[in-house]
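Content type compact mmCIF, C-alpha atoms and all ligand atoms, from the file protein-v9.txt:
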```txt
# COMPACT_ATOMS: atom_id res chain seq x y z
CA MET A 71 -15.45 -3.10 -4.76
CA VAL A 72 -15.38 -5.03 -7.99
CA ILE A 73 -12.35 -4.73 -10.26
CA LEU A 74 -12.85 -6.40 -13.62
CA PRO A 75 -9.85 -7.47 -15.68
CA ALA A 76 -9.92 -6.04 -19.21
CA GLU A 77 -9.61 -8.14 -22.34
CA GLY A 78 -6.94 -7.04 -24.78
CA GLY A 79 -6.01 -3.50 -23.80
CA GLY A 80 -2.99 -1.29 -24.18
CA ASN A 81 0.72 -1.90 -24.43
CA LEU A 82 2.02 -2.66 -20.94
CA SER A 83 5.64 -2.32 -22.01
CA GLU A 84 5.08 1.43 -22.37
CA MET A 85 4.60 1.65 -18.61
CA SER A 86 7.44 2.01 -16.13
CA LEU A 87 8.51 -1.15 -14.27
CA HIS A 88 6.71 0.26 -11.22
CA GLY A 89 3.51 0.61 -13.24
CA GLN A 90 3.85 -2.87 -14.69
CA GLU A 91 4.19 -4.32 -11.20
CA PHE A 92 1.12 -2.40 -10.01
CA HIS A 93 -0.84 -3.75 -12.99
CA ARG A 94 0.40 -7.30 -12.38
CA GLU A 95 -0.54 -7.23 -8.68
CA LEU A 96 -3.96 -5.70 -9.29
CA THR A 97 -4.73 -8.08 -12.17
CA GLU A 98 -3.82 -11.06 -10.01
CA ILE A 99 -6.28 -9.94 -7.33
CA ALA A 100 -8.95 -9.14 -9.91
CA HIS A 101 -8.66 -12.60 -11.49
CA SER A 102 -8.97 -14.42 -8.17
CA GLU A 103 -12.14 -16.12 -6.96
CA GLY A 104 -14.30 -14.24 -4.47
CA ASN A 105 -14.90 -10.62 -3.61
CA VAL A 106 -12.66 -8.38 -1.54
CA LYS A 107 -14.71 -5.61 0.04
CA ILE A 108 -12.81 -2.47 1.02
CA ASN A 109 -14.26 0.77 2.39
CA ILE A 110 -12.75 3.89 0.85
CA ASP A 111 -12.89 6.87 3.20
CA TYR A 112 -11.18 10.23 3.66
CA ALA A 113 -9.44 11.89 6.63
CA ARG A 114 -10.37 9.41 9.35
CA SER A 115 -8.43 9.77 12.61
CA ASP A 116 -9.05 6.08 13.41
CA VAL A 117 -7.59 4.86 10.10
CA HIS A 118 -3.89 5.38 9.37
CA THR A 119 -3.51 4.74 5.62
CA GLY A 120 -5.29 1.38 5.98
CA ASN A 121 -6.99 -0.38 8.87
CA PHE A 122 -6.92 -4.19 8.85
CA ASP A 123 -9.89 -4.76 11.16
CA LYS A 124 -12.06 -1.98 9.71
CA GLU A 125 -11.17 -3.01 6.13
CA THR A 126 -10.87 0.67 5.28
CA ILE A 127 -8.43 2.82 3.29
CA ASP A 128 -7.99 6.51 4.12
CA VAL A 129 -7.34 8.18 0.77
CA ALA A 130 -6.27 11.45 2.42
CA ASP A 131 -3.48 9.49 4.13
CA VAL A 132 -2.48 7.67 0.94
CA LEU A 133 -2.04 11.06 -0.76
CA GLN A 134 0.63 12.06 1.80
CA PHE A 135 3.10 9.60 0.22
CA ASN A 136 5.20 10.07 -2.92
CA LYS A 137 3.20 10.42 -6.10
CA LYS A 138 6.25 9.62 -8.20
CA LEU A 139 6.85 5.87 -8.05
CA SER A 140 10.54 6.18 -8.90
CA GLU A 141 11.13 8.35 -5.82
CA LEU A 142 12.48 6.23 -2.93
CA GLY A 143 10.12 6.05 0.05
CA GLY A 144 6.46 5.23 0.59
CA THR A 145 4.43 5.80 -2.59
CA GLN A 146 0.72 6.29 -3.22
CA ALA A 147 0.47 3.29 -5.56
CA GLY A 148 2.57 1.21 -3.16
CA LYS A 149 0.24 2.00 -0.24
CA LEU A 150 -2.85 1.18 -2.29
CA ILE A 151 -1.54 -2.17 -3.50
CA HIS A 152 -0.40 -2.97 0.06
CA GLU A 153 -3.95 -2.50 1.37
CA PHE A 154 -5.53 -4.38 -1.57
CA ARG A 155 -3.16 -7.33 -1.12
CA GLU A 156 -3.57 -7.28 2.66
CA GLN A 157 -7.37 -7.40 2.49
CA TYR A 158 -7.12 -10.12 -0.16
CA GLY A 159 -4.98 -12.07 2.30
CA LYS A 160 -7.50 -11.50 5.07
CA GLN A 161 -10.80 -11.91 3.24
CA ILE A 162 -9.96 -14.55 0.61
CA LEU A 163 -7.00 -16.45 2.05
CA ARG A 164 -8.36 -16.11 5.63
CA GLY A 165 -4.96 -15.01 6.93
CA HIS A 166 -4.40 -13.18 10.19
CA PHE A 167 -2.80 -9.73 10.35
CA ARG A 168 0.79 -11.01 10.44
CA SER A 169 0.64 -12.99 7.20
CA ALA A 170 -1.77 -10.64 5.39
CA HIS A 171 0.33 -7.58 6.31
CA ALA A 172 3.50 -9.40 5.18
CA SER A 173 1.92 -10.06 1.77
CA GLY A 174 0.94 -6.37 1.65
CA ILE A 175 4.53 -5.33 2.27
CA GLN A 176 5.75 -7.72 -0.44
CA ALA A 177 3.31 -6.20 -2.96
CA GLU A 178 4.40 -2.71 -1.86
CA ASN A 179 8.05 -3.70 -2.37
CA ASN A 180 7.26 -5.05 -5.84
CA VAL A 181 5.62 -1.79 -6.93
CA ASN A 182 8.27 0.46 -5.33
CA LEU A 183 11.18 -1.71 -6.50
CA SER A 184 12.64 -1.23 -3.02
CA ILE A 185 12.58 -3.03 0.33
CA ARG A 186 10.57 -1.75 3.27
CA SER A 187 11.58 -2.49 6.84
CA GLU A 188 10.22 -1.20 10.13
CA GLY A 189 11.91 1.29 12.40
CA ARG A 190 10.75 2.61 15.77
CA SER A 191 7.05 2.84 16.44
CA ASP A 192 4.87 3.81 19.38
CA ARG A 193 1.39 5.14 20.04
CA THR A 194 2.06 8.42 18.22
CA SER A 195 4.15 7.48 15.19
CA ALA A 196 5.79 4.73 13.16
CA THR A 197 8.97 4.76 11.11
CA GLN A 198 9.26 2.87 7.83
CA ILE A 199 12.63 2.44 6.14
CA PHE A 200 12.89 2.05 2.36
CA THR A 201 16.06 0.70 0.79
CA GLY A 202 16.62 0.72 -2.95
CA PRO A 203 19.35 1.22 -5.53
CA GLY A 204 19.34 4.93 -4.64
CA GLY A 205 20.11 4.34 -0.95
CA THR A 206 17.87 4.49 2.10
CA VAL A 207 15.00 6.80 3.05
CA LYS A 208 13.18 6.88 6.39
CA ASN A 209 9.54 7.95 6.60
CA LYS A 210 8.39 8.97 10.07
CA ILE A 211 4.60 8.73 10.00
CA ILE A 212 2.84 10.77 12.68
CA PHE A 213 -0.75 9.71 13.26
CA GLN A 214 -1.79 10.53 16.83
CA ASN A 215 -5.00 12.59 16.98
CA ARG A 216 -4.72 13.45 13.29
CA PRO A 217 -7.44 12.88 10.68
CA VAL A 218 -4.63 13.00 8.08
CA ILE A 219 -1.22 11.49 8.78
CA LYS A 220 1.96 13.54 8.45
CA VAL A 221 4.89 11.92 6.63
CA LEU A 222 8.34 13.26 7.55
CA LYS A 223 11.31 12.27 5.42
CA GLN A 224 14.43 11.64 7.44
ZN ZN B 1 -0.36 -3.80 6.32
```
What do you get writing this file as structure tokens?
Ligand SMILES: [Zn+2]
Amino acid sequence: MVILPAEGGGNLSEMSLHGQEFHRELTEIAHSEGNVKINIDYARSDVHTGNFDKETIDVADVLQFNKKLSELGGTQAGKLIHEFREQYGKQILRGHFRSAHASGIQAENNVNLSIRSEGRSDRTSATQIFTGPGGTVKNKIIFQNRPVIKVLKQ
């Protein structure tokens, strides 16, 4: 994947704050030295949204999250920037999962304008908690034996 930063361009201030954060994060990665290679796939039962070791994003999973960035909870743009930032941390900064994933969560928080924390997780599901000005939303993400994850709002 090669993302090239544009010269000049449109008026960023017309975008929502969420959109501006997405642009800022993506531009930062695009301006950095080196290439981040990410596989883009669809409906893989061995990839739940993103897989650190396989360096793969499952777009079918990403689409299960909120399209609207102002809606509290996991968002499509938030998940994408998480995976981009995480692979940047792995492939360019040579970080292990812990630090790379933490930078992915920070990027996700920046785009969502909320704070993600982790709830219960086991072999079948994981719960992510999003806290913002509008309160708290829990996403229970069911992934066992599913090509496409199921996101339950709780
Ligand atoms: Zn991660």
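The interatomic distance for the pair CA of Gly144 in chain A and CA of Tyr158 in chain A works out to 20.5 Å.
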### Task
Give as a ChimeraX atom specification the residues surrounding ligand ZN 1 (chain B) up to a distance of 12 Å, considering only C-alpha atoms and all ligand atoms.
/A:117-123,125-127,148-160,166-178,186,188,198
Could you save those same residues with C-alpha atoms as a PDB file, in the coordinates of the input?
```pdb
ATOM      1  CA  VAL A 117      -7.590   4.860  10.100  1.00  0.00           C
ATOM      2  CA  HIS A 118      -3.890   5.380   9.370  1.00  0.00           C
ATOM      3  CA  THR A 119      -3.510   4.740   5.620  1.00  0.00           C
ATOM      4  CA  GLY A 120      -5.290   1.380   5.980  1.00  0.00           C
ATOM      5  CA  ASN A 121      -6.990  -0.380   8.870  1.00  0.00           C
ATOM      6  CA  PHE A 122      -6.920  -4.190   8.850  1.00  0.00           C
ATOM      7  CA  ASP A 123      -9.890  -4.760  11.160  1.00  0.00           C
ATOM      8  CA  GLU A 125     -11.170  -3.010   6.130  1.00  0.00           C
ATOM      9  CA  THR A 126     -10.870   0.670   5.280  1.00  0.00           C
ATOM     10  CA  ILE A 127      -8.430   2.820   3.290  1.00  0.00           C
ATOM     11  CA  GLY A 148       2.570   1.210  -3.160  1.00  0.00           C
ATOM     12  CA  LYS A 149       0.240   2.000  -0.240  1.00  0.00           C
ATOM     13  CA  LEU A 150      -2.850   1.180  -2.290  1.00  0.00           C
ATOM     14  CA  ILE A 151      -1.540  -2.170  -3.500  1.00  0.00           C
ATOM     15  CA  HIS A 152      -0.400  -2.970   0.060  1.00  0.00           C
ATOM     16  CA  GLU A 153      -3.950  -2.500   1.370  1.00  0.00           C
ATOM     17  CA  PHE A 154      -5.530  -4.380  -1.570  1.00  0.00           C
ATOM     18  CA  ARG A 155      -3.160  -7.330  -1.120  1.00  0.00           C
ATOM     19  CA  GLU A 156      -3.570  -7.280   2.660  1.00  0.00           C
ATOM     20  CA  GLN A 157      -7.370  -7.400   2.490  1.00  0.00           C
ATOM     21  CA  TYR A 158      -7.120 -10.120  -0.160  1.00  0.00           C
ATOM     22  CA  GLY A 159      -4.980 -12.070   2.300  1.00  0.00           C
ATOM     23  CA  LYS A 160      -7.500 -11.500   5.070  1.00  0.00           C
ATOM     24  CA  HIS A 166      -4.400 -13.180  10.190  1.00  0.00           C
ATOM     25  CA  PHE A 167      -2.800  -9.730  10.350  1.00  0.00           C
ATOM     26  CA  ARG A 168       0.790 -11.010  10.440  1.00  0.00           C
ATOM     27  CA  SER A 169       0.640 -12.990   7.200  1.00  0.00           C
ATOM     28  CA  ALA A 170      -1.770 -10.640   5.390  1.00  0.00           C
ATOM     29  CA  HIS A 171       0.330  -7.580   6.310  1.00  0.00           C
ATOM     30  CA  ALA A 172       3.500  -9.400   5.180  1.00  0.00           C
ATOM     31  CA  SER A 173       1.920 -10.060   1.770  1.00  0.00           C
ATOM     32  CA  GLY A 174       0.940  -6.370   1.650  1.00  0.00           C
ATOM     33  CA  ILE A 175       4.530  -5.330   2.270  1.00  0.00           C
ATOM     34  CA  GLN A 176       5.750  -7.720  -0.440  1.00  0.00           C
ATOM     35  CA  ALA A 177       3.310  -6.200  -2.960  1.00  0.00           C
ATOM     36  CA  GLU A 178       4.400  -2.710  -1.860  1.00  0.00           C
ATOM     37  CA  ARG A 186      10.570  -1.750   3.270  1.00  0.00           C
ATOM     38  CA  GLU A 188      10.220  -1.200  10.130  1.00  0.00           C
ATOM     39  CA  GLN A 198       9.260   2.870   7.830  1.00  0.00           C
TER      40      GLN A 198
END
```
Residues at most 12 Å from Met85 in chain A, counting only C-alpha atoms, excluding those fewer than 6 positions away in the same chain, as an mmCIF file with C-alpha atoms, keeping the file's coordinate frame?
```cif
data_model
loop_
_atom_site.group_PDB
_atom_site.id
_atom_site.type_symbol
_atom_site.label_atom_id
_atom_site.label_comp_id
_atom_site.auth_asym_id
_atom_site.auth_seq_id
_atom_site.Cartn_x
_atom_site.Cartn_y
_atom_site.Cartn_z
ATOM 1 C CA GLU A 91 4.190 -4.320 -11.200
ATOM 2 C CA PHE A 92 1.120 -2.400 -10.010
ATOM 3 C CA HIS A 93 -0.840 -3.750 -12.990
ATOM 4 C CA ARG A 94 0.400 -7.300 -12.380
ATOM 5 C CA LEU A 139 6.850 5.870 -8.050
#
```
#### Entry: Top pick for closest residue to Ile219 in chain A, considering A:Ala196, A:Ile99, A:Ala76, A:Leu82 and counting all atoms listed in the file
A:Ala196
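The spacing separating CA of Lys223 in chain A from CA of Pro203 in chain A amounts to 17.5 Å.
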### Message
So that I can check the surroundings of Gln161 in chain A, please list as a ChimeraX atom specification every protein, DNA and RNA residue that reaches within 9 Å of it, counting only C-alpha atoms and ignoring chain neighbours fewer than 6 positions away.
### Response
/A:104-107
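Residue nearest His88 in chain A within the list A:Asn136, A:Ser191, A:Gln146, A:Asn180: A:Asn180 [criterion: smallest interatomic distance, all atoms listed in the file].
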### Message
Under the rule that all atoms listed in the file are counted, which of A:Gly143, A:Pro217, A:Gly79, A:Gly204 is the nearest residue to Asp131 in chain A?
### Response
A:Pro217
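Here CA of Asp116 in chain A stands at a distance of 23.3 Å from CA of Ser187 in chain A.
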### Task
Please provide the set of residues having any atom within 12 Å of Arg216 in chain A, restricted to all atoms listed in the file, with same-chain residues fewer than 2 positions apart removed, written as a PyMOL selection string.
chain A and resi 113-119+128+130-131+194-195+211-214+218-221
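The protein and nucleic acid residues lying at most 7 Å from Ala100 in chain A are Ile73, Leu74, Pro75, Leu96 and Thr97 of chain A, with all atoms listed in the file considered and sequence neighbours fewer than 3 positions away removed.
With only C-alpha atoms as the atoms that count, the minimum distance from Asp111 in chain A to the choices A:Ile199, A:Leu222, A:Val181, A:Val132 is reached by A:Val132.
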### Task
Point out the residue among A:Glu103, A:Tyr112, A:Gly165, A:Leu183 with the least atom-to-atom distance to Gly89 in chain A, counting all atoms listed in the file.
A:Leu183
